[in-house]
$ cat my_file.csv   # CSV, C-alpha atoms
chain,number,residue,atom,x,y,z
A,1,MET,CA,123.4,65.5,123.7
A,2,LYS,CA,124.7,68.5,121.8
A,3,ARG,CA,125.5,71.6,123.7
A,4,GLN,CA,123.5,74.6,122.4
A,5,LEU,CA,125.5,77.7,121.6
A,6,LYS,CA,124.5,80.8,123.5
A,7,TYR,CA,124.9,84.0,121.6
A,8,PRO,CA,125.2,87.4,123.3
A,9,PHE,CA,122.0,89.4,123.7
A,10,TRP,CA,123.1,92.1,121.2
A,11,LEU,CA,123.9,89.5,118.6
A,12,ARG,CA,120.5,87.8,119.0
A,13,ARG,CA,118.8,91.2,118.5
A,14,PHE,CA,121.0,91.8,115.4
A,15,PHE,CA,119.9,88.5,113.8
A,16,LEU,CA,116.3,89.1,114.8
A,17,PHE,CA,116.3,92.5,113.0
A,18,PHE,CA,117.4,90.9,109.8
A,19,THR,CA,114.4,88.5,110.0
A,20,ILE,CA,112.1,91.4,110.4
A,21,ILE,CA,113.2,93.8,107.7
A,22,GLY,CA,111.4,93.7,104.3
A,23,PRO,CA,108.6,95.9,102.9
A,24,GLY,CA,109.6,99.0,104.8
A,25,LEU,CA,113.2,99.0,103.8
A,26,ILE,CA,112.5,98.0,100.2
A,27,THR,CA,109.9,100.8,99.8
A,28,ALA,CA,112.1,103.5,101.3
A,29,SER,CA,115.2,102.4,99.4
A,30,ALA,CA,113.3,102.4,96.1
A,31,ASP,CA,112.4,106.0,96.8
A,32,ASN,CA,116.0,106.8,96.0
A,33,ASP,CA,115.5,106.0,92.4
A,34,ALA,CA,116.9,107.6,89.2
A,35,PRO,CA,114.7,110.8,89.5
A,36,GLY,CA,115.3,110.9,93.2
A,37,ILE,CA,119.1,110.7,92.8
A,38,ALA,CA,118.9,113.4,90.2
A,39,THR,CA,116.8,115.6,92.5
A,40,TYR,CA,119.2,115.2,95.4
A,41,SER,CA,122.3,115.7,93.2
A,42,ILE,CA,120.9,118.9,91.6
A,43,SER,CA,119.9,120.2,95.1
A,44,GLY,CA,123.2,119.5,96.7
A,45,ALA,CA,125.1,121.1,93.7
A,46,LYS,CA,122.9,124.2,93.8
A,47,TYR,CA,122.2,124.8,97.5
A,48,GLY,CA,125.0,122.9,99.3
A,49,TYR,CA,124.6,121.5,102.8
A,50,GLY,CA,121.8,124.1,103.4
A,51,PHE,CA,119.3,121.6,101.9
A,52,LEU,CA,120.0,118.9,104.5
A,53,TRP,CA,117.5,120.2,107.1
A,54,ILE,CA,114.7,119.4,104.7
A,55,ILE,CA,115.6,115.8,104.7
A,56,VAL,CA,115.3,115.7,108.5
A,57,LEU,CA,111.7,117.0,108.3
A,58,ILE,CA,110.8,114.7,105.4
A,59,THR,CA,111.9,111.7,107.4
A,60,ILE,CA,109.3,112.4,110.0
A,61,GLY,CA,106.6,112.7,107.4
A,62,GLU,CA,107.6,109.5,105.6
A,63,VAL,CA,107.7,107.5,108.8
A,64,LEU,CA,104.1,108.8,109.6
A,65,VAL,CA,102.6,108.0,106.2
A,66,GLN,CA,104.3,104.6,105.7
A,67,GLU,CA,103.4,103.4,109.2
A,68,MET,CA,99.7,104.2,108.5
A,69,ALA,CA,99.9,102.2,105.3
A,70,ALA,CA,101.7,99.3,106.9
A,71,ARG,CA,99.2,99.2,109.8
A,72,MET,CA,96.2,99.1,107.4
A,73,GLY,CA,97.8,96.2,105.5
A,74,ALA,CA,98.4,94.3,108.8
A,75,VAL,CA,95.0,94.9,110.2
A,76,THR,CA,92.9,94.3,107.1
A,77,GLY,CA,95.0,92.0,105.0
A,78,LYS,CA,94.1,94.2,102.1
A,79,GLY,CA,95.9,96.8,99.9
A,80,THR,CA,95.2,100.5,99.7
A,81,ALA,CA,93.3,100.2,96.4
A,82,ASP,CA,91.1,97.4,97.8
A,83,LEU,CA,90.1,99.6,100.7
A,84,ILE,CA,89.5,102.7,98.6
A,85,ARG,CA,87.1,100.6,96.3
A,86,GLU,CA,85.2,99.2,99.2
A,87,ARG,CA,84.9,102.5,101.1
A,88,PHE,CA,84.6,105.1,98.4
A,89,GLY,CA,83.2,103.2,95.4
A,90,VAL,CA,84.3,102.4,91.9
A,91,ARG,CA,84.5,105.9,90.5
A,92,THR,CA,86.9,107.2,93.1
A,93,SER,CA,88.9,104.1,92.7
A,94,ALA,CA,89.0,104.3,88.9
A,95,PHE,CA,90.2,107.9,89.0
A,96,ALA,CA,93.0,107.1,91.5
A,97,MET,CA,94.1,104.1,89.4
A,98,ALA,CA,94.2,106.1,86.1
A,99,CYS,CA,96.4,108.7,87.7
A,100,LEU,CA,98.6,106.1,89.4
A,101,LEU,CA,99.0,104.1,86.1
A,102,LEU,CA,100.0,107.2,84.1
A,103,ALA,CA,102.5,108.4,86.8
A,104,ASN,CA,104.0,105.0,87.4
A,105,ILE,CA,104.6,104.2,83.7
A,106,GLY,CA,106.4,107.6,83.5
A,107,THR,CA,108.4,106.9,86.6
A,108,THR,CA,109.2,103.3,85.5
A,109,LEU,CA,110.4,104.7,82.2
A,110,ALA,CA,112.7,107.0,84.2
A,111,GLN,CA,114.2,104.0,86.0
A,112,PHE,CA,115.0,102.4,82.7
A,113,ALA,CA,116.5,105.7,81.6
A,114,GLY,CA,118.7,105.5,84.7
A,115,VAL,CA,119.9,102.1,83.7
A,116,ALA,CA,120.6,103.3,80.2
A,117,ALA,CA,122.5,106.4,81.5
A,118,VAL,CA,124.7,104.3,83.8
A,119,GLY,CA,125.5,101.9,80.9
A,120,GLU,CA,126.4,104.7,78.6
A,121,LEU,CA,128.7,106.2,81.3
A,122,PHE,CA,130.7,102.9,80.9
A,123,GLY,CA,130.4,102.9,77.1
A,124,ILE,CA,127.6,100.2,76.9
A,125,SER,CA,124.7,100.9,74.6
A,126,ARG,CA,121.2,101.3,76.0
A,127,TYR,CA,120.1,98.7,73.4
A,128,ILE,CA,122.0,96.2,75.5
A,129,THR,CA,121.6,97.4,79.1
A,130,VAL,CA,117.8,98.1,79.0
A,131,PRO,CA,116.7,94.7,77.6
A,132,LEU,CA,119.1,92.9,79.9
A,133,ALA,CA,117.7,94.8,82.9
A,134,GLY,CA,114.1,94.1,81.8
A,135,LEU,CA,114.9,90.4,81.3
A,136,PHE,CA,116.7,90.1,84.7
A,137,ILE,CA,113.8,91.7,86.7
A,138,GLY,CA,111.1,89.9,84.7
A,139,LEU,CA,112.6,86.5,85.4
A,140,ILE,CA,112.9,87.3,89.1
A,141,ILE,CA,109.2,88.4,89.4
A,142,LEU,CA,107.7,85.7,87.1
A,143,ARG,CA,109.6,82.8,88.6
A,144,GLY,CA,109.8,83.7,92.3
A,145,ASN,CA,107.5,83.7,95.3
A,146,TYR,CA,107.2,86.6,97.8
A,147,LYS,CA,110.0,85.4,100.1
A,148,SER,CA,112.6,84.8,97.4
A,149,ILE,CA,111.7,88.1,95.6
A,150,GLU,CA,111.9,90.0,98.9
A,151,LYS,CA,115.5,88.6,99.5
A,152,ILE,CA,116.6,89.7,96.0
A,153,LEU,CA,115.1,93.2,96.5
A,154,LEU,CA,116.9,93.5,99.9
A,155,VAL,CA,120.2,92.6,98.2
A,156,LEU,CA,119.6,95.4,95.7
A,157,CYS,CA,119.0,97.8,98.6
A,158,LEU,CA,122.7,97.2,99.5
A,159,SER,CA,123.8,99.2,96.4
A,160,ALA,CA,123.0,102.4,98.5
A,161,PHE,CA,126.1,101.7,100.5
A,162,SER,CA,128.1,103.1,97.5
A,163,TYR,CA,126.9,106.6,98.4
A,164,VAL,CA,128.1,106.1,102.0
A,165,ILE,CA,131.5,105.0,100.8
A,166,THR,CA,131.7,107.9,98.3
A,167,VAL,CA,131.2,110.5,101.0
A,168,PHE,CA,134.0,108.9,103.2
A,169,VAL,CA,136.3,109.0,100.1
A,170,ILE,CA,135.5,112.7,99.7
A,171,LYS,CA,136.1,113.5,103.4
A,172,PRO,CA,133.8,116.5,103.9
A,173,ASP,CA,133.7,118.7,107.0
A,174,TRP,CA,131.2,116.9,109.3
A,175,GLY,CA,131.0,119.8,111.7
A,176,ILE,CA,129.6,122.1,109.0
A,177,ILE,CA,127.3,119.3,107.8
A,178,LEU,CA,125.8,118.8,111.3
A,179,LYS,CA,125.3,122.6,111.7
A,180,ASP,CA,123.5,123.0,108.4
A,181,ALA,CA,121.4,119.9,108.9
A,182,LEU,CA,120.0,121.3,112.1
A,183,THR,CA,119.7,124.9,111.0
A,184,PRO,CA,116.6,125.6,108.8
A,185,THR,CA,117.3,128.0,106.0
A,186,ILE,CA,114.4,129.0,103.8
A,187,LYS,CA,114.7,130.9,100.5
A,188,PHE,CA,111.5,132.3,99.1
A,189,GLU,CA,112.6,131.8,95.5
A,190,THR,CA,110.7,129.8,92.9
A,191,ASP,CA,113.6,127.4,92.1
A,192,TYR,CA,114.2,126.7,95.7
A,193,LEU,CA,110.6,126.1,96.6
A,194,LEU,CA,110.2,123.8,93.5
A,195,ALA,CA,113.4,121.9,94.6
A,196,VAL,CA,111.8,121.4,98.1
A,197,LEU,CA,108.6,120.1,96.5
A,198,ALA,CA,110.6,117.8,94.2
A,199,VAL,CA,112.4,116.3,97.3
A,200,ILE,CA,109.1,115.8,99.1
A,201,GLY,CA,107.6,114.3,95.9
A,202,THR,CA,110.4,111.8,95.4
A,203,THR,CA,110.4,110.7,99.0
A,204,ILE,CA,106.7,110.4,99.9
A,205,THR,CA,105.0,108.9,96.9
A,206,PRO,CA,101.6,107.4,96.0
A,207,TRP,CA,103.2,104.3,94.6
A,208,GLY,CA,105.1,103.9,97.9
A,209,ILE,CA,101.9,103.9,99.9
A,210,PHE,CA,100.2,101.3,97.6
A,211,TYR,CA,103.3,99.1,97.4
A,212,LEU,CA,104.0,99.0,101.1
A,213,GLN,CA,100.5,98.2,102.2
A,214,ALA,CA,100.0,95.6,99.5
A,215,SER,CA,103.4,93.9,100.4
A,216,VAL,CA,102.6,93.9,104.1
A,217,ALA,CA,99.2,92.2,103.3
A,218,ASP,CA,100.9,89.8,100.8
A,219,LYS,CA,103.5,88.9,103.4
A,220,GLY,CA,100.7,87.9,105.8
A,221,THR,CA,101.9,90.0,108.7
A,222,ASP,CA,100.2,88.9,112.0
A,223,LEU,CA,99.1,91.7,114.3
A,224,LYS,CA,101.0,90.0,117.2
A,225,ASP,CA,104.1,90.8,115.3
A,226,TYR,CA,103.1,94.3,114.1
A,227,ASN,CA,105.7,95.9,116.3
A,228,HIS,CA,108.3,94.2,114.1
A,229,THR,CA,106.6,95.6,111.0
A,230,ARG,CA,106.5,99.1,112.5
A,231,LEU,CA,110.3,98.8,113.3
A,232,ASP,CA,110.9,97.8,109.7
A,233,VAL,CA,109.0,100.9,108.4
A,234,MET,CA,110.8,103.3,110.8
A,235,VAL,CA,114.3,101.9,110.1
A,236,GLY,CA,113.6,101.8,106.4
A,237,SER,CA,112.4,105.4,106.2
A,238,VAL,CA,115.3,106.7,108.3
A,239,TRP,CA,117.9,104.6,106.3
A,240,GLY,CA,116.4,105.7,103.0
A,241,ASN,CA,116.7,109.4,104.0
A,242,ILE,CA,120.2,108.9,105.3
A,243,ILE,CA,121.1,107.8,101.8
A,244,SER,CA,119.3,110.8,100.4
A,245,ALA,CA,121.4,113.0,102.7
A,246,PHE,CA,124.6,111.3,101.6
A,247,ILE,CA,123.8,111.9,97.9
A,248,ILE,CA,123.3,115.6,98.7
A,249,ILE,CA,126.5,115.7,100.7
A,250,THR,CA,128.4,114.2,97.8
A,251,THR,CA,127.5,117.0,95.4
A,252,ALA,CA,127.5,119.7,98.1
A,253,ALA,CA,131.0,118.9,99.1
A,254,THR,CA,132.4,118.7,95.5
A,255,LEU,CA,130.3,120.6,93.0
A,256,TYR,CA,128.8,123.4,95.1
A,257,PRO,CA,132.1,125.0,96.2
A,258,LYS,CA,133.1,125.1,92.5
A,259,GLY,CA,129.8,126.5,91.3
A,260,ILE,CA,129.2,123.5,89.1
A,261,LEU,CA,125.5,123.0,88.4
A,262,VAL,CA,124.1,119.7,87.0
A,263,ASN,CA,120.8,118.8,85.5
A,264,SER,CA,120.9,115.0,86.0
A,265,ALA,CA,122.4,112.3,88.1
A,266,GLU,CA,124.7,111.1,85.2
A,267,GLU,CA,126.0,114.7,84.9
A,268,ALA,CA,126.8,114.6,88.6
A,269,ALA,CA,128.7,111.3,88.2
A,270,LEU,CA,130.7,112.7,85.4
A,271,ALA,CA,131.5,116.0,87.2
A,272,LEU,CA,132.7,114.0,90.3
A,273,SER,CA,135.6,112.4,88.5
A,274,PRO,CA,138.0,115.3,88.1
A,275,LEU,CA,137.1,116.7,91.5
A,276,ALA,CA,137.0,113.6,93.7
A,277,GLY,CA,138.6,110.9,91.6
A,278,SER,CA,137.3,108.3,89.2
A,279,PHE,CA,136.6,105.9,92.1
A,280,SER,CA,134.0,108.3,93.5
A,281,SER,CA,132.4,108.6,90.0
A,282,ILE,CA,132.2,104.8,89.7
A,283,LEU,CA,130.7,104.4,93.1
A,284,PHE,CA,128.1,107.1,92.4
A,285,SER,CA,127.1,105.3,89.1
A,286,VAL,CA,126.9,101.9,90.8
A,287,GLY,CA,124.5,103.3,93.4
A,288,MET,CA,122.3,104.7,90.6
A,289,LEU,CA,122.3,101.4,88.8
A,290,GLY,CA,121.3,99.4,91.9
A,291,ALA,CA,118.6,102.0,92.8
A,292,SER,CA,117.2,101.9,89.2
A,293,LEU,CA,117.0,98.1,89.2
A,294,LEU,CA,115.3,98.1,92.6
A,295,ALA,CA,112.7,100.8,91.5
A,296,VAL,CA,112.2,99.0,88.2
A,297,SER,CA,111.0,96.0,90.2
A,298,VAL,CA,109.0,97.8,92.8
A,299,LEU,CA,107.2,100.5,90.7
A,300,PRO,CA,105.4,98.1,88.2
A,301,LEU,CA,104.5,95.8,91.2
A,302,SER,CA,102.9,98.7,93.1
A,303,THR,CA,100.8,99.5,90.0
A,304,THR,CA,99.9,95.9,89.4
A,305,TYR,CA,98.9,95.4,93.0
A,306,ALA,CA,96.7,98.5,93.0
A,307,MET,CA,95.0,97.8,89.6
A,308,CYS,CA,94.2,94.2,90.6
A,309,GLU,CA,92.9,95.2,94.0
A,310,ALA,CA,90.8,98.1,92.6
A,311,PHE,CA,89.0,95.8,90.0
A,312,GLY,CA,88.9,92.6,91.9
A,313,PHE,CA,91.5,90.4,90.1
A,314,GLU,CA,93.6,87.8,91.8
A,315,ARG,CA,97.0,89.3,92.8
A,316,GLY,CA,100.1,88.5,94.8
A,317,LEU,CA,103.6,87.1,94.3
A,318,ASN,CA,102.7,83.9,96.1
A,319,ARG,CA,100.3,83.1,93.3
A,320,GLY,CA,101.6,81.5,90.0
A,321,VAL,CA,101.1,83.0,86.6
A,322,LYS,CA,98.2,80.6,85.9
A,323,ASP,CA,96.4,81.6,89.1
A,324,ALA,CA,96.9,85.4,88.6
A,325,PRO,CA,97.2,86.0,84.8
A,326,VAL,CA,96.0,89.7,85.0
A,327,PHE,CA,98.4,90.5,87.8
A,328,TYR,CA,101.4,89.3,85.8
A,329,SER,CA,100.1,90.6,82.5
A,330,ILE,CA,99.9,94.2,83.8
A,331,PHE,CA,103.4,93.8,85.3
A,332,VAL,CA,104.9,92.6,82.0
A,333,GLY,CA,102.9,95.3,80.0
A,334,ILE,CA,104.2,98.2,82.2
A,335,MET,CA,107.8,96.8,81.8
A,336,LEU,CA,107.6,96.4,78.0
A,337,ILE,CA,106.0,99.9,77.4
A,338,SER,CA,108.6,101.6,79.6
A,339,MET,CA,111.5,99.7,77.9
A,340,LEU,CA,110.3,100.5,74.4
A,341,PHE,CA,109.9,104.2,75.1
A,342,VAL,CA,113.4,104.4,76.5
A,343,LEU,CA,114.8,102.8,73.3
A,344,ILE,CA,113.1,105.3,71.0
A,345,PRO,CA,115.9,107.6,69.6
A,346,GLY,CA,115.5,111.3,70.5
A,347,LEU,CA,112.6,110.8,72.9
A,348,PRO,CA,112.5,113.7,75.5
A,349,LEU,CA,113.0,111.5,78.6
A,350,PHE,CA,113.5,114.5,80.9
A,351,GLN,CA,110.1,116.0,79.9
A,352,LEU,CA,108.4,112.6,80.4
A,353,MET,CA,110.0,112.4,83.9
A,354,LEU,CA,108.6,115.9,84.8
A,355,LEU,CA,105.1,114.8,83.6
A,356,SER,CA,105.1,111.7,85.8
A,357,GLN,CA,106.2,113.8,88.8
A,358,SER,CA,103.5,116.3,88.1
A,359,VAL,CA,100.8,113.6,88.1
A,360,ASN,CA,102.4,112.1,91.3
A,361,ALA,CA,102.2,115.6,92.9
A,362,ILE,CA,98.5,115.9,91.9
A,363,LEU,CA,97.6,112.4,93.2
A,364,LEU,CA,99.5,112.5,96.5
A,365,PRO,CA,97.3,114.9,98.5
A,366,VAL,CA,94.2,113.0,97.2
A,367,ILE,CA,95.7,109.6,98.3
A,368,LEU,CA,96.8,111.0,101.7
A,369,ILE,CA,93.3,112.3,102.4
A,370,LEU,CA,91.7,108.9,101.5
A,371,VAL,CA,94.3,107.1,103.7
A,372,LEU,CA,93.6,109.4,106.7
A,373,ILE,CA,89.9,108.7,106.3
A,374,LEU,CA,90.5,104.9,106.0
A,375,VAL,CA,92.9,104.7,108.9
A,376,ASN,CA,90.4,106.5,111.2
A,377,ASP,CA,87.4,104.4,110.3
A,378,ARG,CA,86.7,102.1,113.2
A,379,ASN,CA,84.6,99.8,111.0
A,380,ILE,CA,87.8,99.0,109.1
A,381,MET,CA,90.6,99.5,111.7
A,382,GLY,CA,88.8,98.6,115.0
A,383,LYS,CA,91.1,99.7,117.9
A,384,TRP,CA,94.0,100.3,115.5
A,385,THR,CA,92.9,103.8,114.3
A,386,ASN,CA,95.2,106.8,114.5
A,387,LYS,CA,96.0,108.6,117.7
A,388,ARG,CA,95.2,112.3,117.7
A,389,PHE,CA,98.8,113.4,117.4
A,390,ALA,CA,99.2,111.3,114.2
A,391,ASN,CA,96.1,112.9,112.7
A,392,VAL,CA,97.3,116.4,113.4
A,393,LEU,CA,100.6,115.7,111.8
A,394,GLY,CA,99.0,113.8,108.9
A,395,TYR,CA,96.6,116.6,108.0
A,396,ALA,CA,99.3,119.2,108.4
A,397,LEU,CA,101.5,117.3,106.0
A,398,THR,CA,98.7,116.9,103.5
A,399,GLY,CA,98.0,120.6,103.6
A,400,LEU,CA,101.7,121.4,103.1
A,401,ILE,CA,101.9,119.1,100.1
A,402,PHE,CA,98.7,120.5,98.7
A,403,ILE,CA,100.1,124.0,98.8
A,404,ALA,CA,103.4,122.9,97.4
A,405,THR,CA,101.6,121.0,94.6
A,406,LEU,CA,99.9,124.3,93.6
A,407,ALA,CA,103.3,125.9,93.5
A,408,LEU,CA,104.7,123.1,91.3
A,409,LEU,CA,101.8,123.4,88.8
A,410,VAL,CA,102.1,127.2,88.7
A,411,GLY,CA,105.9,126.8,88.2
A,412,GLU,CA,105.7,124.2,85.5
A,413,PHE,CA,102.6,125.2,83.5
A,414,LEU,CA,102.5,129.0,84.2
A,415,PRO,CA,106.1,130.0,84.4
A,416,SER,CA,105.4,133.6,83.6
A,417,ALA,CA,103.0,134.0,86.6
$ encode --input "my_file.csv" --output "structure tokens"
Amino acid sequence: MKRQLKYPFWLRRFFLFFTIIGPGLITASADNDAPGIATYSISGAKYGYGFLWIIVLITIGEVLVQEMAARMGAVTGKGTADLIRERFGVRTSAFAMACLLLANIGTTLAQFAGVAAVGELFGISRYITVPLAGLFIGLIILRGNYKSIEKILLVLCLSAFSYVITVFVIKPDWGIILKDALTPTIKFETDYLLAVLAVIGTTITPWGIFYLQASVADKGTDLKDYNHTRLDVMVGSVWGNIISAFIIITTAATLYPKGILVNSAEEAALALSPLAGSFSSILFSVGMLGASLLAVSVLPLSTTYAMCEAFGFERGLNRGVKDAPVFYSIFVGIMLISMLFVLIPGLPLFQLMLLSQSVNAILLPVILILVLILVNDRNIMGKWTNKRFANVLGYALTGLIFIATLALLVGEFLPSA
């Protein structure tokens, strides 16, 4: 009889954690996409470490929102769009889907733009990198099932480690970082407030809510194991925002002291080279490539899940192309449209990115209100409705985002106001 090896308790818990992680970590990691990296880079270069305390607050908000979405997915076995259609009717569902489709095509386009930008930093044409990225992601999604695709997406999440390594290469002053991260500094300036909103908007997103709930439902999470799912969401949100903080630290430690302002993530990567060495610049670029590939996978999937749920089509990565033709057709369609737009010479990609973020900003408070109504409906959630504290935080967050959204719209469309 073979003797069974006994592993230490801490090692068993470590292995257990890696069997649990999935939707929560993937969703939070995909938030650090090309527009997100650009937002954090610009903020760090312009405001230094003084922007870090906002990341601390946003982490709390993201944990709250993503946990509600995951809980609804586990309890009902349905996605957000499915529940919106059943509870509020076709009109509300159609409006939400139209906004989500427009915003997500624009944001998916931004991810392909990120892939193109990284390729061009290394002297490779976008006409090579963009089609290759599209083919790579398309084959993964079309030929895999949920478990195999989840593993590949988790591997892509590892690219975020490049930002951790970059910071340790730069060697910033951790005492100042900790002090600024725990000391709120508010500037009542238009640019500063818009930067705060941009960070909120790139961290807590409508597509993130739709994707997380749909993937938890698709995974078939049992309520007996919901504590594992909650842990995945919490760890994923915290980890995603730690990476956001490291991106800010990278540009705050190098570009901010020199007064170097950047307008994009690729500009930040180029500016790092003479200040922190070419290795830091390469690591920064690798992180952006991995994040863009991850988001290129997740964003079209979130839209595809939502559209199929809203209009009653078969959906899910565990179904084949023949069993869910509309699901895979929408996915391929979003990918192709986004790729073709990025390959158009002279297209104003930055303006398109702003448009997609504006639509996201308009949609987010609406989705949050619908989610709060759904998660407190005992007919849907039974005993799994929100606690009072979660509701207070949820509605306060929604109110804050609504006010910030008005500020964004005034800032973008009425700049002279």
$ residues_around --input "my_file.csv" --residues "Ala34 of chain A" --least-positions-apart "2" --cutoff "8 Å" --atoms "all atoms listed in the file" --output "number ranges by chain"
A: 32, 36-38, 110-111, 113-114, 265, 288, 291-292
$ write_last_selection --input "my_file.csv" --atoms "C-alpha atoms" --output "short mmCIF file (atom, residue, chain, number, x, y, z; two decimals), in the frame of the given file"
data_model
loop_
_atom_site.label_atom_id
_atom_site.label_comp_id
_atom_site.auth_asym_id
_atom_site.auth_seq_id
_atom_site.Cartn_x
_atom_site.Cartn_y
_atom_site.Cartn_z
CA ASN A 32 116.00 106.80 96.00
CA GLY A 36 115.30 110.90 93.20
CA ILE A 37 119.10 110.70 92.80
CA ALA A 38 118.90 113.40 90.20
CA ALA A 110 112.70 107.00 84.20
CA GLN A 111 114.20 104.00 86.00
CA ALA A 113 116.50 105.70 81.60
CA GLY A 114 118.70 105.50 84.70
CA ALA A 265 122.40 112.30 88.10
CA MET A 288 122.30 104.70 90.60
CA ALA A 291 118.60 102.00 92.80
CA SER A 292 117.20 101.90 89.20
#
$ residues_around --input "my_file.csv" --residues "Leu372 of chain A" --least-positions-apart "5" --cutoff "8 Å" --atoms "all atoms listed in the file" --output "list in words"
Asn391, Gly394 and Tyr395 of chain A
$ write_last_selection --input "my_file.csv" --atoms "C-alpha atoms" --output "PDB file, in the frame of the given file"
ATOM      1  CA  ASN A 391      96.100 112.900 112.700  1.00  0.00           C
ATOM      2  CA  GLY A 394      99.000 113.800 108.900  1.00  0.00           C
ATOM      3  CA  TYR A 395      96.600 116.600 108.000  1.00  0.00           C
TER       4      TYR A 395
END
$ residues_around --input "my_file.csv" --residues "Leu64 of chain A" --least-positions-apart "5" --cutoff "12 Å" --atoms "all atoms listed in the file" --output "ChimeraX atom specification"
/A:57-59,69-71,204,209,230,233-234,237-238,368,371-372,375,386-387,389-398
$ write_last_selection --input "my_file.csv" --atoms "C-alpha atoms" --output "PDB file, in the frame of the given file"
ATOM      1  CA  LEU A  57     111.700 117.000 108.300  1.00  0.00           C
ATOM      2  CA  ILE A  58     110.800 114.700 105.400  1.00  0.00           C
ATOM      3  CA  THR A  59     111.900 111.700 107.400  1.00  0.00           C
ATOM      4  CA  ALA A  69      99.900 102.200 105.300  1.00  0.00           C
ATOM      5  CA  ALA A  70     101.700  99.300 106.900  1.00  0.00           C
ATOM      6  CA  ARG A  71      99.200  99.200 109.800  1.00  0.00           C
ATOM      7  CA  ILE A 204     106.700 110.400  99.900  1.00  0.00           C
ATOM      8  CA  ILE A 209     101.900 103.900  99.900  1.00  0.00           C
ATOM      9  CA  ARG A 230     106.500  99.100 112.500  1.00  0.00           C
ATOM     10  CA  VAL A 233     109.000 100.900 108.400  1.00  0.00           C
ATOM     11  CA  MET A 234     110.800 103.300 110.800  1.00  0.00           C
ATOM     12  CA  SER A 237     112.400 105.400 106.200  1.00  0.00           C
ATOM     13  CA  VAL A 238     115.300 106.700 108.300  1.00  0.00           C
ATOM     14  CA  LEU A 368      96.800 111.000 101.700  1.00  0.00           C
ATOM     15  CA  VAL A 371      94.300 107.100 103.700  1.00  0.00           C
ATOM     16  CA  LEU A 372      93.600 109.400 106.700  1.00  0.00           C
ATOM     17  CA  VAL A 375      92.900 104.700 108.900  1.00  0.00           C
ATOM     18  CA  ASN A 386      95.200 106.800 114.500  1.00  0.00           C
ATOM     19  CA  LYS A 387      96.000 108.600 117.700  1.00  0.00           C
ATOM     20  CA  PHE A 389      98.800 113.400 117.400  1.00  0.00           C
ATOM     21  CA  ALA A 390      99.200 111.300 114.200  1.00  0.00           C
ATOM     22  CA  ASN A 391      96.100 112.900 112.700  1.00  0.00           C
ATOM     23  CA  VAL A 392      97.300 116.400 113.400  1.00  0.00           C
ATOM     24  CA  LEU A 393     100.600 115.700 111.800  1.00  0.00           C
ATOM     25  CA  GLY A 394      99.000 113.800 108.900  1.00  0.00           C
ATOM     26  CA  TYR A 395      96.600 116.600 108.000  1.00  0.00           C
ATOM     27  CA  ALA A 396      99.300 119.200 108.400  1.00  0.00           C
ATOM     28  CA  LEU A 397     101.500 117.300 106.000  1.00  0.00           C
ATOM     29  CA  THR A 398      98.700 116.900 103.500  1.00  0.00           C
TER      30      THR A 398
END
$ closest_residue --input "my_file.csv" --among "A:Ala295, A:Leu270, A:Ala81, A:Ala117" --to "Phe210 of chain A" --atoms "all atoms listed in the file"
A:Ala81
$ closest_residue --input "my_file.csv" --among "A:Met339, A:Leu109, A:Ala253, A:Val199" --to "Ala404 of chain A" --atoms "all atoms listed in the file"
A:Val199
$ closest_residue --input "my_file.csv" --among "A:Thr92, A:Ala310, A:Leu283, A:Ile367" --to "Val164 of chain A" --atoms "only C-alpha atoms"
A:Leu283
$ atom_distance --input "my_file.csv" --atom1 "atom CA of Thr185 of chain A" --atom2 "atom CA of Ala268 of chain A"
23.9 Å
$ closest_residue --input "my_file.csv" --among "A:Pro365, A:Asp82, A:Gly290, A:Ile140" --to "Glu314 of chain A" --atoms "all atoms listed in the file"
A:Asp82
$ closest_residue --input "my_file.csv" --among "A:Val366, A:Leu294, A:Leu25, A:Ile42" --to "Ile84 of chain A" --atoms "all atoms listed in the file"
A:Val366
$ atom_distance --input "my_file.csv" --atom1 "atom CA of Leu400 of chain A" --atom2 "atom CA of Ala245 of chain A"
21.4 Å
$ closest_residue --input "my_file.csv" --among "A:Leu406, A:Ala103, A:Val235, A:Gly312" --to "Glu86 of chain A" --atoms "all atoms listed in the file"
A:Gly312
